[in-house]
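Student: Sharing input13.pdb, PDB, C-alpha atoms, pLDDT in the B column:
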```
ATOM      1  CA  MET A   8      90.296  99.670  75.920  1.00 94.00           C
ATOM      2  CA  LEU A   9      90.215  97.005  78.652  1.00 97.00           C
ATOM      3  CA  ARG A  10      88.403  93.717  78.235  1.00 97.00           C
ATOM      4  CA  ILE A  11      88.325  91.054  80.938  1.00 98.00           C
ATOM      5  CA  GLU A  12      87.126  87.738  79.524  1.00 98.00           C
ATOM      6  CA  HIS A  13      86.020  84.936  81.871  1.00 97.00           C
ATOM      7  CA  PHE A  14      88.864  85.684  84.267  1.00 97.00           C
ATOM      8  CA  SER A  15      89.215  83.340  87.233  1.00 96.00           C
ATOM      9  CA  LYS A  16      91.940  83.001  89.824  1.00 96.00           C
ATOM     10  CA  THR A  17      92.364  80.154  92.276  1.00 94.00           C
ATOM     11  CA  TYR A  18      95.132  80.379  94.844  1.00 90.00           C
ATOM     12  CA  ARG A  19      97.133  77.497  96.247  1.00 85.00           C
ATOM     13  CA  GLY A  20      94.989  75.583  98.693  1.00 82.00           C
ATOM     14  CA  GLY A  21      91.905  75.883  96.508  1.00 84.00           C
ATOM     15  CA  LYS A  22      90.705  79.361  97.449  1.00 87.00           C
ATOM     16  CA  ARG A  23      88.880  80.794  94.417  1.00 92.00           C
ATOM     17  CA  ALA A  24      89.431  84.555  94.640  1.00 95.00           C
ATOM     18  CA  VAL A  25      87.712  85.482  91.351  1.00 96.00           C
ATOM     19  CA  ASP A  26      85.180  83.351  89.508  1.00 96.00           C
ATOM     20  CA  ASP A  27      84.453  83.830  85.777  1.00 97.00           C
ATOM     21  CA  LEU A  28      84.609  87.627  85.689  1.00 97.00           C
ATOM     22  CA  SER A  29      83.921  89.459  82.418  1.00 98.00           C
ATOM     23  CA  LEU A  30      83.978  93.262  82.081  1.00 98.00           C
ATOM     24  CA  GLU A  31      84.570  95.787  79.325  1.00 97.00           C
ATOM     25  CA  ILE A  32      85.960  99.265  79.957  1.00 98.00           C
ATOM     26  CA  ALA A  33      85.820 101.511  76.896  1.00 97.00           C
ATOM     27  CA  ALA A  34      87.876 104.562  75.986  1.00 97.00           C
ATOM     28  CA  GLY A  35      86.471 107.527  77.899  1.00 97.00           C
ATOM     29  CA  ASP A  36      85.109 105.423  80.766  1.00 98.00           C
ATOM     30  CA  ILE A  37      85.707 106.101  84.437  1.00 98.00           C
ATOM     31  CA  TYR A  38      84.819 102.629  85.633  1.00 98.00           C
ATOM     32  CA  GLY A  39      84.352 101.973  89.341  1.00 97.00           C
ATOM     33  CA  PHE A  40      84.998  98.516  90.781  1.00 97.00           C
ATOM     34  CA  ILE A  41      83.470  98.034  94.222  1.00 96.00           C
ATOM     35  CA  GLY A  42      83.042  95.275  96.759  1.00 93.00           C
ATOM     36  CA  HIS A  43      83.779  94.416 100.361  1.00 90.00           C
ATOM     37  CA  ASN A  44      87.247  93.459 101.614  1.00 89.00           C
ATOM     38  CA  GLY A  45      88.315  90.129 100.125  1.00 89.00           C
ATOM     39  CA  ALA A  46      85.800  90.322  97.277  1.00 93.00           C
ATOM     40  CA  GLY A  47      88.475  89.900  94.588  1.00 94.00           C
ATOM     41  CA  LYS A  48      89.055  93.518  93.547  1.00 95.00           C
ATOM     42  CA  THR A  49      92.794  93.669  94.156  1.00 94.00           C
ATOM     43  CA  THR A  50      93.360  90.215  92.632  1.00 95.00           C
ATOM     44  CA  THR A  51      91.607  91.384  89.467  1.00 97.00           C
ATOM     45  CA  ILE A  52      93.464  94.682  89.337  1.00 97.00           C
ATOM     46  CA  ARG A  53      96.842  92.999  89.853  1.00 95.00           C
ATOM     47  CA  ALA A  54      96.063  90.598  87.006  1.00 97.00           C
ATOM     48  CA  VAL A  55      95.090  93.492  84.722  1.00 97.00           C
ATOM     49  CA  VAL A  56      98.429  95.253  85.264  1.00 96.00           C
ATOM     50  CA  GLY A  57     100.499  92.088  84.924  1.00 94.00           C
ATOM     51  CA  VAL A  58     101.530  91.686  88.555  1.00 93.00           C
ATOM     52  CA  GLN A  59      99.334  88.653  89.259  1.00 92.00           C
ATOM     53  CA  SER A  60      99.648  85.565  87.054  1.00 92.00           C
ATOM     54  CA  PHE A  61      96.521  83.640  86.056  1.00 92.00           C
ATOM     55  CA  GLU A  62      95.564  80.647  83.953  1.00 89.00           C
ATOM     56  CA  GLU A  63      91.813  80.913  83.361  1.00 95.00           C
ATOM     57  CA  GLY A  64      90.373  83.461  80.944  1.00 97.00           C
ATOM     58  CA  ASP A  65      92.151  86.390  79.348  1.00 97.00           C
ATOM     59  CA  ILE A  66      92.640  90.128  79.794  1.00 98.00           C
ATOM     60  CA  LEU A  67      93.161  92.410  76.803  1.00 98.00           C
ATOM     61  CA  ILE A  68      94.333  96.016  76.718  1.00 98.00           C
ATOM     62  CA  ASP A  69      93.635  97.787  73.436  1.00 96.00           C
ATOM     63  CA  GLY A  70      93.178  94.348  71.887  1.00 96.00           C
ATOM     64  CA  ILE A  71      96.490  92.939  73.166  1.00 97.00           C
ATOM     65  CA  SER A  72      96.535  89.997  75.572  1.00 97.00           C
ATOM     66  CA  VAL A  73      98.228  90.564  78.916  1.00 97.00           C
ATOM     67  CA  LYS A  74      99.265  86.903  78.787  1.00 95.00           C
ATOM     68  CA  LYS A  75     100.764  86.969  75.289  1.00 95.00           C
ATOM     69  CA  ASP A  76     102.448  90.400  75.257  1.00 96.00           C
ATOM     70  CA  PRO A  77     102.672  91.779  78.799  1.00 95.00           C
ATOM     71  CA  VAL A  78     105.325  94.373  77.928  1.00 96.00           C
ATOM     72  CA  ALA A  79     103.185  95.972  75.208  1.00 96.00           C
ATOM     73  CA  CYS A  80     100.261  96.112  77.631  1.00 97.00           C
ATOM     74  CA  LYS A  81     102.372  97.685  80.373  1.00 96.00           C
ATOM     75  CA  ARG A  82     103.550 100.406  77.972  1.00 96.00           C
ATOM     76  CA  MET A  83      99.942 101.557  77.647  1.00 96.00           C
ATOM     77  CA  THR A  84      99.068 101.209  81.329  1.00 97.00           C
ATOM     78  CA  ALA A  85      99.808 102.968  84.603  1.00 97.00           C
ATOM     79  CA  TYR A  86      99.094 101.384  87.971  1.00 96.00           C
ATOM     80  CA  ILE A  87      98.722 103.064  91.350  1.00 94.00           C
ATOM     81  CA  PRO A  88      98.398 100.504  94.173  1.00 90.00           C
ATOM     82  CA  ASP A  89      96.742 101.286  97.481  1.00 84.00           C
ATOM     83  CA  ASN A  90     100.138 101.356  99.197  1.00 85.00           C
ATOM     84  CA  PRO A  91     102.789 102.511  96.682  1.00 85.00           C
ATOM     85  CA  ASP A  92     106.182 100.870  97.109  1.00 89.00           C
ATOM     86  CA  LEU A  93     108.660 103.570  96.053  1.00 95.00           C
ATOM     87  CA  TYR A  94     112.457 103.653  95.994  1.00 96.00           C
ATOM     88  CA  GLU A  95     112.987 105.648  99.148  1.00 95.00           C
ATOM     89  CA  HIS A  96     116.738 106.142  98.653  1.00 97.00           C
ATOM     90  CA  LEU A  97     115.958 108.356  95.633  1.00 98.00           C
ATOM     91  CA  THR A  98     114.712 111.924  95.582  1.00 98.00           C
ATOM     92  CA  GLY A  99     111.303 112.577  94.112  1.00 98.00           C
ATOM     93  CA  ILE A 100     112.731 113.959  90.857  1.00 98.00           C
ATOM     94  CA  GLN A 101     115.178 111.064  90.530  1.00 98.00           C
ATOM     95  CA  TYR A 102     112.306 108.624  90.848  1.00 98.00           C
ATOM     96  CA  LEU A 103     110.235 110.491  88.255  1.00 98.00           C
ATOM     97  CA  ASN A 104     113.147 110.540  85.818  1.00 97.00           C
ATOM     98  CA  PHE A 105     113.653 106.816  86.390  1.00 97.00           C
ATOM     99  CA  ILE A 106     110.006 106.179  85.475  1.00 97.00           C
ATOM    100  CA  GLY A 107     110.367 108.512  82.488  1.00 97.00           C
ATOM    101  CA  ASP A 108     113.383 106.510  81.305  1.00 97.00           C
ATOM    102  CA  VAL A 109     111.535 103.206  81.693  1.00 96.00           C
ATOM    103  CA  PHE A 110     108.727 104.468  79.460  1.00 96.00           C
ATOM    104  CA  GLU A 111     111.110 106.325  77.097  1.00 96.00           C
ATOM    105  CA  VAL A 112     109.329 109.642  77.577  1.00 97.00           C
ATOM    106  CA  PRO A 113     111.066 112.457  75.640  1.00 96.00           C
ATOM    107  CA  GLU A 114     112.784 114.975  77.914  1.00 95.00           C
ATOM    108  CA  SER A 115     110.671 117.956  76.817  1.00 95.00           C
ATOM    109  CA  ASP A 116     107.400 116.065  77.439  1.00 96.00           C
ATOM    110  CA  ARG A 117     108.691 114.752  80.739  1.00 96.00           C
ATOM    111  CA  ILE A 118     109.701 118.174  82.041  1.00 96.00           C
ATOM    112  CA  GLN A 119     106.365 119.701  81.047  1.00 97.00           C
ATOM    113  CA  ARG A 120     104.264 116.961  82.634  1.00 97.00           C
ATOM    114  CA  ILE A 121     106.278 116.906  85.855  1.00 97.00           C
ATOM    115  CA  ARG A 122     105.916 120.671  86.141  1.00 97.00           C
ATOM    116  CA  ASP A 123     102.216 120.737  85.307  1.00 97.00           C
ATOM    117  CA  TYR A 124     101.078 117.799  87.445  1.00 97.00           C
ATOM    118  CA  GLY A 125     103.585 118.564  90.205  1.00 97.00           C
ATOM    119  CA  ASP A 126     102.224 122.087  90.580  1.00 97.00           C
ATOM    120  CA  ARG A 127      98.628 120.877  90.573  1.00 97.00           C
ATOM    121  CA  LEU A 128      99.354 118.263  93.226  1.00 96.00           C
ATOM    122  CA  GLU A 129     101.448 120.779  95.192  1.00 96.00           C
ATOM    123  CA  ILE A 130     104.513 118.546  95.324  1.00 97.00           C
ATOM    124  CA  THR A 131     106.959 120.408  93.045  1.00 97.00           C
ATOM    125  CA  LYS A 132     108.859 122.058  95.885  1.00 97.00           C
ATOM    126  CA  ASN A 133     109.448 118.655  97.518  1.00 97.00           C
ATOM    127  CA  LEU A 134     110.812 116.814  94.483  1.00 98.00           C
ATOM    128  CA  GLY A 135     114.417 117.468  95.533  1.00 97.00           C
ATOM    129  CA  ASP A 136     113.868 115.724  98.882  1.00 98.00           C
ATOM    130  CA  LEU A 137     114.470 112.038  99.571  1.00 98.00           C
ATOM    131  CA  ILE A 138     111.331 109.955  99.278  1.00 98.00           C
ATOM    132  CA  SER A 139     112.146 108.481 102.689  1.00 97.00           C
ATOM    133  CA  SER A 140     111.324 111.889 104.170  1.00 97.00           C
ATOM    134  CA  TYR A 141     107.861 112.013 102.576  1.00 96.00           C
ATOM    135  CA  SER A 142     104.617 111.532 104.485  1.00 93.00           C
ATOM    136  CA  HIS A 143     102.203 108.849 103.282  1.00 91.00           C
ATOM    137  CA  GLY A 144     100.167 111.509 101.483  1.00 92.00           C
ATOM    138  CA  MET A 145     103.255 112.888  99.725  1.00 95.00           C
ATOM    139  CA  LYS A 146     104.224 109.391  98.588  1.00 95.00           C
ATOM    140  CA  GLN A 147     100.720 108.929  97.196  1.00 94.00           C
ATOM    141  CA  LYS A 148     101.018 112.211  95.281  1.00 96.00           C
ATOM    142  CA  LEU A 149     104.382 111.128  93.861  1.00 97.00           C
ATOM    143  CA  ALA A 150     102.888 107.800  92.783  1.00 96.00           C
ATOM    144  CA  VAL A 151     100.075 109.650  91.004  1.00 96.00           C
ATOM    145  CA  LEU A 152     102.546 111.964  89.285  1.00 97.00           C
ATOM    146  CA  SER A 153     104.772 109.072  88.198  1.00 97.00           C
ATOM    147  CA  ALA A 154     101.750 107.289  86.694  1.00 96.00           C
ATOM    148  CA  LEU A 155     100.925 110.284  84.502  1.00 96.00           C
ATOM    149  CA  ILE A 156     104.379 110.871  82.988  1.00 96.00           C
ATOM    150  CA  HIS A 157     103.853 108.625  79.944  1.00 96.00           C
ATOM    151  CA  GLU A 158     100.215 109.621  79.334  1.00 94.00           C
ATOM    152  CA  PRO A 159      98.816 106.087  79.787  1.00 96.00           C
ATOM    153  CA  LYS A 160      95.889 104.932  77.693  1.00 97.00           C
ATOM    154  CA  LEU A 161      94.648 102.969  80.703  1.00 98.00           C
ATOM    155  CA  LEU A 162      95.014 104.141  84.293  1.00 97.00           C
ATOM    156  CA  VAL A 163      94.387 101.459  86.923  1.00 97.00           C
ATOM    157  CA  LEU A 164      94.058 102.514  90.555  1.00 96.00           C
ATOM    158  CA  ASP A 165      93.458 100.568  93.764  1.00 94.00           C
ATOM    159  CA  GLU A 166      91.871 102.803  96.430  1.00 91.00           C
ATOM    160  CA  PRO A 167      93.528 105.924  94.948  1.00 90.00           C
ATOM    161  CA  PHE A 168      92.124 108.470  97.416  1.00 90.00           C
ATOM    162  CA  VAL A 169      93.463 106.787 100.553  1.00 85.00           C
ATOM    163  CA  GLY A 170      96.026 109.078 102.193  1.00 84.00           C
ATOM    164  CA  LEU A 171      95.289 112.109 100.034  1.00 90.00           C
ATOM    165  CA  ASP A 172      94.132 115.335 101.655  1.00 92.00           C
ATOM    166  CA  PRO A 173      90.801 116.740 100.402  1.00 93.00           C
ATOM    167  CA  LYS A 174      92.430 119.214  97.990  1.00 95.00           C
ATOM    168  CA  ALA A 175      94.720 116.589  96.452  1.00 95.00           C
ATOM    169  CA  ALA A 176      91.796 114.160  96.171  1.00 94.00           C
ATOM    170  CA  HIS A 177      89.786 116.830  94.340  1.00 96.00           C
ATOM    171  CA  THR A 178      92.711 117.490  92.008  1.00 96.00           C
ATOM    172  CA  LEU A 179      93.041 113.783  91.232  1.00 96.00           C
ATOM    173  CA  LYS A 180      89.342 113.575  90.383  1.00 96.00           C
ATOM    174  CA  LEU A 181      89.733 116.486  87.942  1.00 97.00           C
ATOM    175  CA  ILE A 182      92.779 114.849  86.346  1.00 97.00           C
ATOM    176  CA  MET A 183      90.862 111.586  85.949  1.00 96.00           C
ATOM    177  CA  GLN A 184      88.005 113.405  84.230  1.00 97.00           C
ATOM    178  CA  GLU A 185      90.434 115.240  81.926  1.00 96.00           C
ATOM    179  CA  LEU A 186      92.158 112.010  80.905  1.00 96.00           C
ATOM    180  CA  CYS A 187      88.876 110.351  80.021  1.00 96.00           C
ATOM    181  CA  ALA A 188      87.709 113.426  78.102  1.00 96.00           C
ATOM    182  CA  ARG A 189      90.796 112.870  75.912  1.00 95.00           C
ATOM    183  CA  GLY A 190      89.794 109.266  75.230  1.00 96.00           C
ATOM    184  CA  ASN A 191      91.792 107.465  77.909  1.00 97.00           C
ATOM    185  CA  ALA A 192      90.160 104.962  80.283  1.00 98.00           C
ATOM    186  CA  ILE A 193      90.246 104.546  84.052  1.00 98.00           C
ATOM    187  CA  PHE A 194      89.506 101.411  86.061  1.00 98.00           C
ATOM    188  CA  PHE A 195      89.632 101.842  89.815  1.00 96.00           C
ATOM    189  CA  SER A 196      88.506 100.268  93.057  1.00 95.00           C
ATOM    190  CA  THR A 197      87.163 102.250  95.980  1.00 91.00           C
ATOM    191  CA  HIS A 198      85.242 101.854  99.219  1.00 88.00           C
ATOM    192  CA  VAL A 199      84.115 105.483  99.064  1.00 88.00           C
ATOM    193  CA  LEU A 200      80.764 104.966  97.393  1.00 93.00           C
ATOM    194  CA  ASP A 201      79.700 108.596  97.210  1.00 92.00           C
ATOM    195  CA  VAL A 202      82.912 109.397  95.293  1.00 91.00           C
ATOM    196  CA  ALA A 203      82.250 106.518  92.902  1.00 94.00           C
ATOM    197  CA  GLU A 204      78.660 107.648  92.395  1.00 95.00           C
ATOM    198  CA  LYS A 205      79.684 111.201  91.481  1.00 94.00           C
ATOM    199  CA  LEU A 206      82.787 110.336  89.454  1.00 96.00           C
ATOM    200  CA  CYS A 207      82.058 107.129  87.524  1.00 97.00           C
ATOM    201  CA  ASN A 208      79.946 106.698  84.428  1.00 97.00           C
ATOM    202  CA  LYS A 209      80.046 102.896  84.813  1.00 97.00           C
ATOM    203  CA  ILE A 210      80.281 100.583  87.793  1.00 97.00           C
ATOM    204  CA  ALA A 211      80.739  96.919  88.676  1.00 97.00           C
ATOM    205  CA  ILE A 212      79.943  95.271  92.006  1.00 97.00           C
ATOM    206  CA  ILE A 213      81.733  92.067  92.989  1.00 96.00           C
ATOM    207  CA  LYS A 214      81.075  89.736  95.922  1.00 95.00           C
ATOM    208  CA  GLU A 215      83.161  86.713  96.867  1.00 93.00           C
ATOM    209  CA  GLY A 216      84.813  86.762  93.448  1.00 95.00           C
ATOM    210  CA  ARG A 217      81.591  86.859  91.445  1.00 96.00           C
ATOM    211  CA  LEU A 218      80.145  89.773  89.496  1.00 97.00           C
ATOM    212  CA  ILE A 219      76.689  90.618  90.833  1.00 95.00           C
ATOM    213  CA  ALA A 220      75.957  93.875  88.978  1.00 95.00           C
ATOM    214  CA  SER A 221      77.501  96.003  86.218  1.00 96.00           C
ATOM    215  CA  GLY A 222      76.544  98.682  83.740  1.00 96.00           C
ATOM    216  CA  THR A 223      76.129 102.420  83.585  1.00 97.00           C
ATOM    217  CA  MET A 224      75.676 104.183  86.897  1.00 96.00           C
ATOM    218  CA  GLU A 225      72.026 104.831  86.033  1.00 94.00           C
ATOM    219  CA  GLN A 226      71.405 101.194  85.116  1.00 95.00           C
ATOM    220  CA  VAL A 227      72.897  99.872  88.338  1.00 95.00           C
ATOM    221  CA  LYS A 228      71.498 102.295  90.897  1.00 92.00           C
ATOM    222  CA  GLY A 229      68.315 103.594  89.259  1.00 92.00           C
ATOM    223  CA  ASP A 230      66.681 106.203  91.504  1.00 90.00           C
ATOM    224  CA  SER A 231      68.447 104.968  94.637  1.00 93.00           C
ATOM    225  CA  SER A 232      71.874 105.906  95.962  1.00 94.00           C
ATOM    226  CA  LEU A 233      74.815 103.688  95.070  1.00 94.00           C
ATOM    227  CA  GLU A 234      75.285 102.946  98.773  1.00 93.00           C
ATOM    228  CA  ASP A 235      71.703 101.697  99.126  1.00 93.00           C
ATOM    229  CA  ILE A 236      71.964  99.523  96.013  1.00 92.00           C
ATOM    230  CA  PHE A 237      75.343  98.146  97.071  1.00 92.00           C
ATOM    231  CA  LEU A 238      74.073  97.153 100.522  1.00 91.00           C
ATOM    232  CA  GLU A 239      70.869  95.698  99.066  1.00 90.00           C
ATOM    233  CA  LEU A 240      72.746  93.589  96.499  1.00 87.00           C
ATOM    234  CA  ILE A 241      75.351  92.389  98.996  1.00 81.00           C
ATOM    235  CA  ASP A 242      72.692  91.417 101.548  1.00 79.00           C
ATOM    236  CA  HIS A 243      70.455  89.789  98.927  1.00 69.00           C
ATOM    237  CA  GLU A 244      73.283  87.760  97.448  1.00 53.00           C
TER     238      GLU A 244
END
```
Using structure tokens, write down the structure from this file.

Tutor:
Amino acid sequence: MLRIEHFSKTYRGGKRAVDDLSLEIAAGDIYGFIGHNGAGKTTTIRAVVGVQSFEEGDILIDGISVKKDPVACKRMTAYIPDNPDLYEHLTGIQYLNFIGDVFEVPESDRIQRIRDYGDRLEITKNLGDLISSYSHGMKQKLAVLSALIHEPKLLVLDEPFVGLDPKAAHTLKLIMQELCARGNAIFFSTHVLDVAEKLCNKIAIIKEGRLIASGTMEQVKGDSSLEDIFLELIDHE
């Protein structure tokens, strides 16, 4: 579903944020991407979703290059950043309908998904309010809901549980598992290692832009906890 091939990104001034990264996320995977602050996670994620330009390597979604056909890739993808930037002059439902229009979601499908996911995230009653009146957690819920309207083949999330209350975080985990059970794929970064250990079937660890471990959860952590392995690898490297 998602293939990252020898991706590198060097910023102006010579800072190499990511160095020759290759990963493959298959349909049905919940793939965790972990590393310390500044390791290159967000740079990689932004390149995957077409927000960050790059010259070295390639990124393919369902076999289509992000470089060569970014619009086709974006049609199959949904992205939830760590700090969603929403149109605060709109109401929640206006924003959701705007996203539905962008992705050409039929009205009947749109209404059903907004109702179903809105009820599960406990945001339905607030959709008539201006987004500017929302708390950070409510904005995060709206961003999650907007990402699910077009049933993306690939869901990309950057620290998705930040700002969510425990119940909403649990609901999001269930939704992620349901999507992958239907053959979709999820690629997400997180600092919450116990969540990654319980939720992901595959994991990648990155340090200073370089991949230092990847594979199934069992292959990477063995009999240890993910936290212990992460700290051991980071210190060793």

Student: Can you list what the PyMOL selection byres ((chain A and resi 15-31) around 8) grabs from this structure, as a list in words?

Tutor: Met8, Leu9, Arg10, Ile11, Glu12, His13, Phe14, Ile32, Ala33, Gly45, Ala46, Gly47, Thr50, Thr51, Phe61, Glu62, Glu63, Gly64, Glu215, Gly216, Arg217 and Leu218 of chain A

Student: Starting from the PyMOL selection byres ((chain A and resi 86) around 6), expand the selection into actual residues of this file and give them as a VMD selection string.

Tutor: chain A and resid 85 87 163 to 164

Student: Record the distance separating atom CA of Ala176 of chain A and atom CA of Gly229 of chain A, expressed in Å with one decimal.

Tutor: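 So the answer is 26.7 Å.
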
Student: When you look at segment 197-203 of chain A with a cut-off of 12 Å (counting only C-alpha atoms), what residues show up, excluding the ones that are within fewer than 4 positions of it in the same chain? I need them as number ranges by chain.

Tutor: A: 37-44, 46, 48-49, 52, 88-89, 163-169, 173, 176-177, 179-180, 207-213, 223-224, 228, 232-238

Student: Could you list, as number ranges by chain, every residue within 7 Å of Gln147 of chain A, counting all atoms listed in the file and ignoring same-chain residues fewer than 4 positions away?

Tutor: A: 91, 143, 151, 170-171

Student: If we count only C-alpha atoms, what is near Lys148 of chain A at a cut-off of 9 Å, once residues fewer than 3 positions away on the same chain are taken out, given as a ChimeraX atom specification?

Tutor: /A:125,128-130,143-145,151-153,171,175

Student: Considering all atoms listed in the file, give me a table of residues in segment 117-162 of chain A that are at most 12 Å from segment 102-107 of chain A, with the closest atom pair and distance in Å for each, as CSV.

Tutor:
```
residue,atom,partner,partner_atom,distance
A:Arg117,CA,A:Gly107,CA,6.7
A:Ile118,CA,A:Asn104,CA,9.2
A:Gln119,CA,A:Gly107,CA,12.0
A:Arg120,CA,A:Gly107,CA,10.4
A:Ile121,CA,A:Leu103,CA,7.9
A:Arg122,CA,A:Leu103,CA,11.3
A:Tyr124,CA,A:Leu103,CA,11.7
A:Gly125,CA,A:Leu103,CA,10.6
A:Thr131,CA,A:Leu103,CA,11.5
A:Leu134,CA,A:Leu103,CA,8.9
A:Gly135,CA,A:Tyr102,CA,10.2
A:Asp136,CA,A:Tyr102,CA,10.8
A:Leu137,CA,A:Tyr102,CA,9.6
A:Ile138,CA,A:Tyr102,CA,8.6
A:Ser139,CA,A:Tyr102,CA,11.8
A:Lys146,CA,A:Tyr102,CA,11.2
A:Lys148,CA,A:Leu103,CA,11.7
A:Leu149,CA,A:Leu103,CA,8.1
A:Ala150,CA,A:Leu103,CA,9.0
A:Val151,CA,A:Leu103,CA,10.6
A:Leu152,CA,A:Leu103,CA,7.9
A:Ser153,CA,A:Leu103,CA,5.6
A:Ala154,CA,A:Ile106,CA,8.4
A:Leu155,CA,A:Gly107,CA,9.8
A:Ile156,CA,A:Gly107,CA,6.5
A:His157,CA,A:Gly107,CA,7.0
A:Glu158,CA,A:Gly107,CA,10.7
```

Student: Write the residues of the preceding selection, restricted to C-alpha atoms, as an mmCIF file, keeping the file's coordinate frame.

Tutor:
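Saved to selection03.cif:
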```
data_model
loop_
_atom_site.group_PDB
_atom_site.id
_atom_site.type_symbol
_atom_site.label_atom_id
_atom_site.label_comp_id
_atom_site.auth_asym_id
_atom_site.auth_seq_id
_atom_site.Cartn_x
_atom_site.Cartn_y
_atom_site.Cartn_z
ATOM 1 C CA ARG A 117 108.691 114.752 80.739
ATOM 2 C CA ILE A 118 109.701 118.174 82.041
ATOM 3 C CA GLN A 119 106.365 119.701 81.047
ATOM 4 C CA ARG A 120 104.264 116.961 82.634
ATOM 5 C CA ILE A 121 106.278 116.906 85.855
ATOM 6 C CA ARG A 122 105.916 120.671 86.141
ATOM 7 C CA TYR A 124 101.078 117.799 87.445
ATOM 8 C CA GLY A 125 103.585 118.564 90.205
ATOM 9 C CA THR A 131 106.959 120.408 93.045
ATOM 10 C CA LEU A 134 110.812 116.814 94.483
ATOM 11 C CA GLY A 135 114.417 117.468 95.533
ATOM 12 C CA ASP A 136 113.868 115.724 98.882
ATOM 13 C CA LEU A 137 114.470 112.038 99.571
ATOM 14 C CA ILE A 138 111.331 109.955 99.278
ATOM 15 C CA SER A 139 112.146 108.481 102.689
ATOM 16 C CA LYS A 146 104.224 109.391 98.588
ATOM 17 C CA LYS A 148 101.018 112.211 95.281
ATOM 18 C CA LEU A 149 104.382 111.128 93.861
ATOM 19 C CA ALA A 150 102.888 107.800 92.783
ATOM 20 C CA VAL A 151 100.075 109.650 91.004
ATOM 21 C CA LEU A 152 102.546 111.964 89.285
ATOM 22 C CA SER A 153 104.772 109.072 88.198
ATOM 23 C CA ALA A 154 101.750 107.289 86.694
ATOM 24 C CA LEU A 155 100.925 110.284 84.502
ATOM 25 C CA ILE A 156 104.379 110.871 82.988
ATOM 26 C CA HIS A 157 103.853 108.625 79.944
ATOM 27 C CA GLU A 158 100.215 109.621 79.334
#
```

Student: Just give me the gap between atom CA of Pro77 of chain A and atom CA of Val55 of chain A in Å, one decimal is fine.

Tutor: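 Atom-to-atom, atom CA of Pro77 of chain A and atom CA of Val55 of chain A are spaced 9.8 Å apart.
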
Student: If you apply the PyMOL selection byres ((chain A and resi 190) around 12) to this file, what residues do you get, as a PyMOL selection string?

Tutor: chain A and resi 8+32-37+158-162+183-189+191-193

Student: Can you tell me how far atom CA of Phe110 of chain A sits from atom CA of Thr84 of chain A, in Å to one decimal?

Tutor: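 Calculated distance between atom CA of Phe110 of chain A and atom CA of Thr84 of chain A is 10.4 Å.
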
Student: Between A:Ser115, A:Ser72, A:Gln59, A:Asn133, single out the one closest to Gln101 of chain A, counting all atoms listed in the file.

Tutor: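 Selected residue with least distance to Gln101 of chain A: A:Asn133.
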
Student: Let me have the centre and edge lengths of the axis-aligned box enclosing all listed atoms of segment 91-107 of chain A with 5 Å padding on every side, in Å to one decimal, as lines of an AutoDock Vina configuration file.

Tutor:
```
center_x = 109.8
center_y = 107.4
center_z = 90.8
size_x = 23.9
size_y = 23.1
size_z = 26.7
```

Student: Restricting the calculation to only C-alpha atoms, which member of A:Val112, A:Leu181, A:Leu240, A:Leu67 is positioned closest to Ser221 of chain A?

Tutor: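 Of all the options, A:Leu240 lies closest to Ser221 of chain A.
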
Student: Which of these residues is nearest to Arg53 of chain A, using only C-alpha atoms: A:Ser231, A:Ser140, A:Ser196, A:Gln226?

Tutor: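 Closest to Arg53 of chain A, using only C-alpha atoms: A:Ser196.
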